>>> print(open('start_2.txt').read())   # compact mmCIF, C-alpha atoms
# COMPACT_ATOMS: atom_id res chain seq x y z
CA MET K 18 115.76 99.85 104.62
CA TRP K 19 117.78 96.93 105.97
CA ASP K 20 117.02 98.03 109.55
CA ALA K 21 113.33 98.19 108.64
CA MET K 22 113.46 94.68 107.19
CA GLU K 23 115.23 93.49 110.33
CA ASN K 24 112.55 95.08 112.50
CA ALA K 25 109.71 93.59 110.44
CA ALA K 26 111.33 90.14 110.44
CA SER K 27 111.74 90.23 114.22
CA LEU K 28 107.96 90.54 114.63
CA VAL K 29 107.16 87.33 112.74
CA ARG K 30 106.41 84.31 114.92
CA ASN K 31 107.58 80.81 114.04
CA GLY K 32 105.37 79.56 111.20
CA GLY K 33 104.32 83.12 110.39
CA THR K 34 104.36 84.80 107.01
CA LEU K 35 106.12 87.99 105.94
CA PHE K 36 105.08 89.90 102.80
CA ILE K 37 107.36 92.67 101.54
CA ALA K 38 107.86 94.70 98.37
CA ILE K 39 111.20 96.39 97.69
CA TYR K 40 112.14 98.62 94.76
CA ASN K 41 114.28 96.77 92.24
CA ASP K 42 117.94 97.78 92.04
CA GLN K 43 118.61 98.79 88.43
CA GLY K 44 122.17 100.02 88.98
CA TRP K 45 122.81 103.45 87.46
CA ILE K 46 119.12 103.97 86.68
CA SER K 47 118.27 103.65 90.38
CA LEU K 48 121.08 106.08 91.23
CA TRP K 49 119.64 108.54 88.67
CA TRP K 50 116.15 108.34 90.21
CA LYS K 51 117.60 108.84 93.68
CA LYS K 52 119.24 112.07 92.47
CA VAL K 53 115.99 113.22 90.82
CA LYS K 54 114.05 112.55 94.03
CA ASN K 55 116.65 114.35 96.14
CA LEU K 56 116.43 117.37 93.82
CA TYR K 57 112.62 117.29 94.01
CA CYS K 58 112.78 117.26 97.83
CA SER K 59 115.45 120.01 98.03
CA GLY K 60 112.93 122.86 98.01
CA THR K 61 110.61 124.77 95.73
CA PRO K 62 113.12 125.49 92.91
CA GLY K 63 114.17 121.83 92.74
CA ARG K 64 110.56 120.66 92.85
CA TRP K 65 109.58 122.93 89.96
CA LEU K 66 112.64 121.98 87.91
CA VAL K 67 111.82 118.28 88.27
CA LYS K 68 108.12 118.78 87.53
CA CYS K 69 108.85 120.96 84.47
CA THR K 70 111.24 118.31 83.18
CA TYR K 71 109.42 115.08 83.94
CA TYR K 72 105.73 115.93 83.57
CA PRO K 73 106.19 116.80 79.87
CA TYR K 74 108.39 113.71 79.43
CA PHE K 75 105.71 111.48 80.98
CA VAL K 76 102.94 113.06 78.89
CA LEU K 77 104.84 112.91 75.59
CA SER K 78 106.18 109.37 76.06
CA GLY K 79 102.69 108.16 77.01
CA PHE K 80 101.18 109.96 74.03
CA ALA K 81 103.73 108.39 71.68
CA ALA K 82 103.06 104.92 73.12
CA ASP K 83 99.32 105.41 72.72
CA LEU K 84 99.73 106.47 69.09
CA ILE K 85 101.98 103.50 68.31
CA GLU K 86 99.51 101.10 69.96
CA ARG K 87 96.52 102.91 68.37
CA ARG K 88 94.93 103.68 71.72
CA ASN K 89 92.95 106.75 72.66
CA PRO K 90 95.47 108.96 74.54
CA ILE K 91 92.71 110.58 76.62
CA ARG K 92 91.80 107.22 78.17
CA ARG K 93 95.31 107.04 79.64
CA TYR K 94 94.14 109.72 82.07
CA THR K 95 90.42 109.04 82.41
CA ASP K 96 90.80 105.32 83.20
CA TYR K 97 93.87 105.62 85.41
CA LYS K 98 92.14 106.72 88.60
CA LYS K 99 89.79 103.73 88.40
CA ARG K 100 92.75 101.35 88.40
CA ARG K 101 95.12 103.12 90.81
CA GLY K 102 92.83 105.11 93.08
CA MET K 103 94.61 108.38 92.27
CA SER K 104 95.05 110.58 89.24
CA ARG K 105 98.09 110.13 87.03
CA ILE K 106 99.37 113.56 88.13
CA HIS K 107 99.15 112.57 91.80
CA ASP K 108 100.96 109.33 90.97
CA TRP K 109 103.74 111.24 89.20
CA THR K 110 104.07 113.59 92.16
CA ASP K 111 104.16 110.63 94.54
CA TRP K 112 106.86 108.94 92.45
CA LEU K 113 109.05 112.01 91.92
CA GLY K 114 108.90 113.13 95.54
CA GLY K 115 109.05 109.68 97.10
CA ASN K 116 111.99 109.75 99.49
CA PRO K 117 113.74 107.93 100.98
CA PHE K 118 114.25 105.85 97.86
CA GLU K 119 116.08 102.63 98.59
CA VAL K 120 116.53 99.64 96.33
CA ALA K 121 117.83 96.09 96.52
CA LYS K 122 118.55 93.17 94.25
CA PRO K 123 116.13 90.25 94.76
CA GLU K 124 118.95 87.88 95.72
CA ASP K 125 120.14 90.25 98.46
CA VAL K 126 116.65 90.39 99.99
CA ILE K 127 116.33 86.61 99.79
CA HIS K 128 119.75 85.94 101.37
CA PHE K 129 119.02 88.48 104.11
CA HIS K 130 115.85 86.64 105.13
CA ILE K 131 117.21 83.11 104.72
CA ALA K 132 120.00 84.06 107.15
CA ARG K 133 117.25 84.85 109.69
CA GLY K 134 115.49 81.51 109.33
CA PHE K 135 112.95 82.39 106.64
CA GLN K 136 112.09 80.37 103.57
CA LEU K 137 111.04 82.03 100.34
CA ARG K 138 107.52 80.93 99.42
CA LYS K 139 106.78 83.22 96.50
CA LEU K 140 108.64 85.80 94.44
CA LYS K 141 107.22 88.16 91.86
CA THR K 142 109.85 90.29 90.16
CA CYS K 143 109.32 93.34 88.01
CA GLY K 144 111.41 91.75 85.27
CA GLY K 145 114.54 93.85 85.81
CA ARG K 146 112.61 97.06 85.23
CA LEU K 147 111.49 99.92 87.41
CA GLY K 148 109.12 98.78 90.12
CA CYS K 149 108.96 96.59 93.18
CA ASN K 150 109.90 92.98 93.58
CA GLU K 151 107.40 91.24 95.85
CA PHE K 152 108.40 88.54 98.33
CA VAL K 153 106.51 86.11 100.55
CA PHE K 154 108.57 84.43 103.28
CA THR K 155 107.65 81.93 106.00
CA LEU K 156 109.62 81.70 109.24
CA GLY K 157 111.00 78.36 110.37
CA VAL K 158 108.69 76.01 108.50
>>> encode(input="start_2.txt", output="structure tokens")
Amino acid sequence: MWDAMENAASLVRNGGTLFIAIYNDQGWISLWWKKVKNLYCSGTPGRWLVKCTYYPYFVLSGFAADLIERRNPIRRYTDYKKRRGMSRIHDWTDWLGGNPFEVAKPEDVIHFHIARGFQLRKLKTCGGRLGCNEFVFTLGV
């Protein structure tokens, strides 16, 4: 990931803008997801074990949240594709099988780019949760 950021940064001209999104480092939770993803990508038995564990978890936790919030649980699936461009099942598969899975703390990404002459213009964090932190840098301005 750091090599990729180095390569991307090297392509930005003076005064140019770099937009990146990097998965948030959540410590042990990130390590857990890395192990889950590695198991998923280890072959058919690992893939089925992960799917049989996490698909029911995702369905039941979403169902419980919908009941607590008094939302129609069916809409969780029917409206999803309109917002994301893929079904919820495809999104789960994409998440569980998404390797390589690399993460970083926002401050590490910022320091990395400042050391290369960039200035941070905008930062949108995922609030310490699972997801990507989004960065906008400008070179040499």
>>> closest_residue(input="start_2.txt", among="K:Leu140, K:Leu48, K:Ala132, K:Ala21", to="Gly157 of chain K", atoms="all atoms listed in the file")
K:Ala132
>>> residues_around(input="start_2.txt", residues="segment 113-116 of chain K", least_positions_apart="3", cutoff="9 Å", atoms="all atoms listed in the file", output="PDB file with C-alpha atoms, keeping the file's coordinate frame")
ATOM      1  CA  TRP K  50     116.150 108.340  90.210  1.00  0.00           C
ATOM      2  CA  LYS K  51     117.600 108.840  93.680  1.00  0.00           C
ATOM      3  CA  VAL K  53     115.990 113.220  90.820  1.00  0.00           C
ATOM      4  CA  LYS K  54     114.050 112.550  94.030  1.00  0.00           C
ATOM      5  CA  ASN K  55     116.650 114.350  96.140  1.00  0.00           C
ATOM      6  CA  LEU K  56     116.430 117.370  93.820  1.00  0.00           C
ATOM      7  CA  TYR K  57     112.620 117.290  94.010  1.00  0.00           C
ATOM      8  CA  CYS K  58     112.780 117.260  97.830  1.00  0.00           C
ATOM      9  CA  ARG K  64     110.560 120.660  92.850  1.00  0.00           C
ATOM     10  CA  VAL K  67     111.820 118.280  88.270  1.00  0.00           C
ATOM     11  CA  LYS K  68     108.120 118.780  87.530  1.00  0.00           C
ATOM     12  CA  TYR K  71     109.420 115.080  83.940  1.00  0.00           C
ATOM     13  CA  ASP K 108     100.960 109.330  90.970  1.00  0.00           C
ATOM     14  CA  TRP K 109     103.740 111.240  89.200  1.00  0.00           C
ATOM     15  CA  THR K 110     104.070 113.590  92.160  1.00  0.00           C
ATOM     16  CA  GLU K 119     116.080 102.630  98.590  1.00  0.00           C
TER      17      GLU K 119
END
>>> axis_aligned_box(input="start_2.txt", around="segment 57-76 of chain K", padding_each_side="6 Å", output="JSON")
{"center_x": 109.2, "center_y": 118.5, "center_z": 88.5, "size_x": 24.5, "size_y": 26.0, "size_z": 31.1}
>>> atom_distance(input="start_2.txt", atom1="atom CA of Asp125 of chain K", atom2="atom CA of Asp42 of chain K")
10.1 Å
>>> atom_distance(input="start_2.txt", atom1="atom CA of Gly148 of chain K", atom2="atom CA of Cys69 of chain K")
22.9 Å
>>> atom_distance(input="start_2.txt", atom1="atom CA of Thr142 of chain K", atom2="atom CA of Thr70 of chain K")
28.9 Å
>>> closest_residue(input="start_2.txt", among="K:Met103, K:His130, K:Gly145, K:Glu151", to="Ser47 of chain K", atoms="only C-alpha atoms")
K:Gly145
>>> residues_around(input="start_2.txt", residues="segment 25-34 of chain K", least_positions_apart="2", cutoff="7 Å", atoms="all atoms listed in the file", output="PyMOL selection string")
chain K and resi 21-23+36+153-158
>>> residues_around(input="start_2.txt", residues="Phe152 of chain K", least_positions_apart="4", cutoff="10 Å", atoms="only C-alpha atoms", output="MDAnalysis selection string")
chainID K and resid 35:39 123 126:127 137:142
>>> residues_near_point(input="start_2.txt", point="(113.7, 101.7, 101.1)", cutoff="8 Å", atoms="all atoms listed in the file", output="list in words")
Met18, Trp19, Ile39, Tyr40, Pro117, Phe118, Glu119 and Val120 of chain K
>>> residues_around(input="start_2.txt", residues="Gln43 of chain K", least_positions_apart="2", cutoff="8 Å", atoms="all atoms listed in the file", output="CSV table (one decimal) with C-alpha atoms, in the coordinates of the input")
chain,number,residue,atom,x,y,z
K,41,ASN,CA,114.3,96.8,92.2
K,45,TRP,CA,122.8,103.4,87.5
K,46,ILE,CA,119.1,104.0,86.7
K,47,SER,CA,118.3,103.6,90.4
K,145,GLY,CA,114.5,93.8,85.8
K,146,ARG,CA,112.6,97.1,85.2
K,147,LEU,CA,111.5,99.9,87.4
>>> residues_around(input="start_2.txt", residues="Pro90 of chain K", least_positions_apart="4", cutoff="10 Å", atoms="only C-alpha atoms", output="list in words")
Val76, Gly79, Phe80, Ala81, Ala82, Asp83, Leu84, Glu86, Tyr94 and Thr95 of chain K
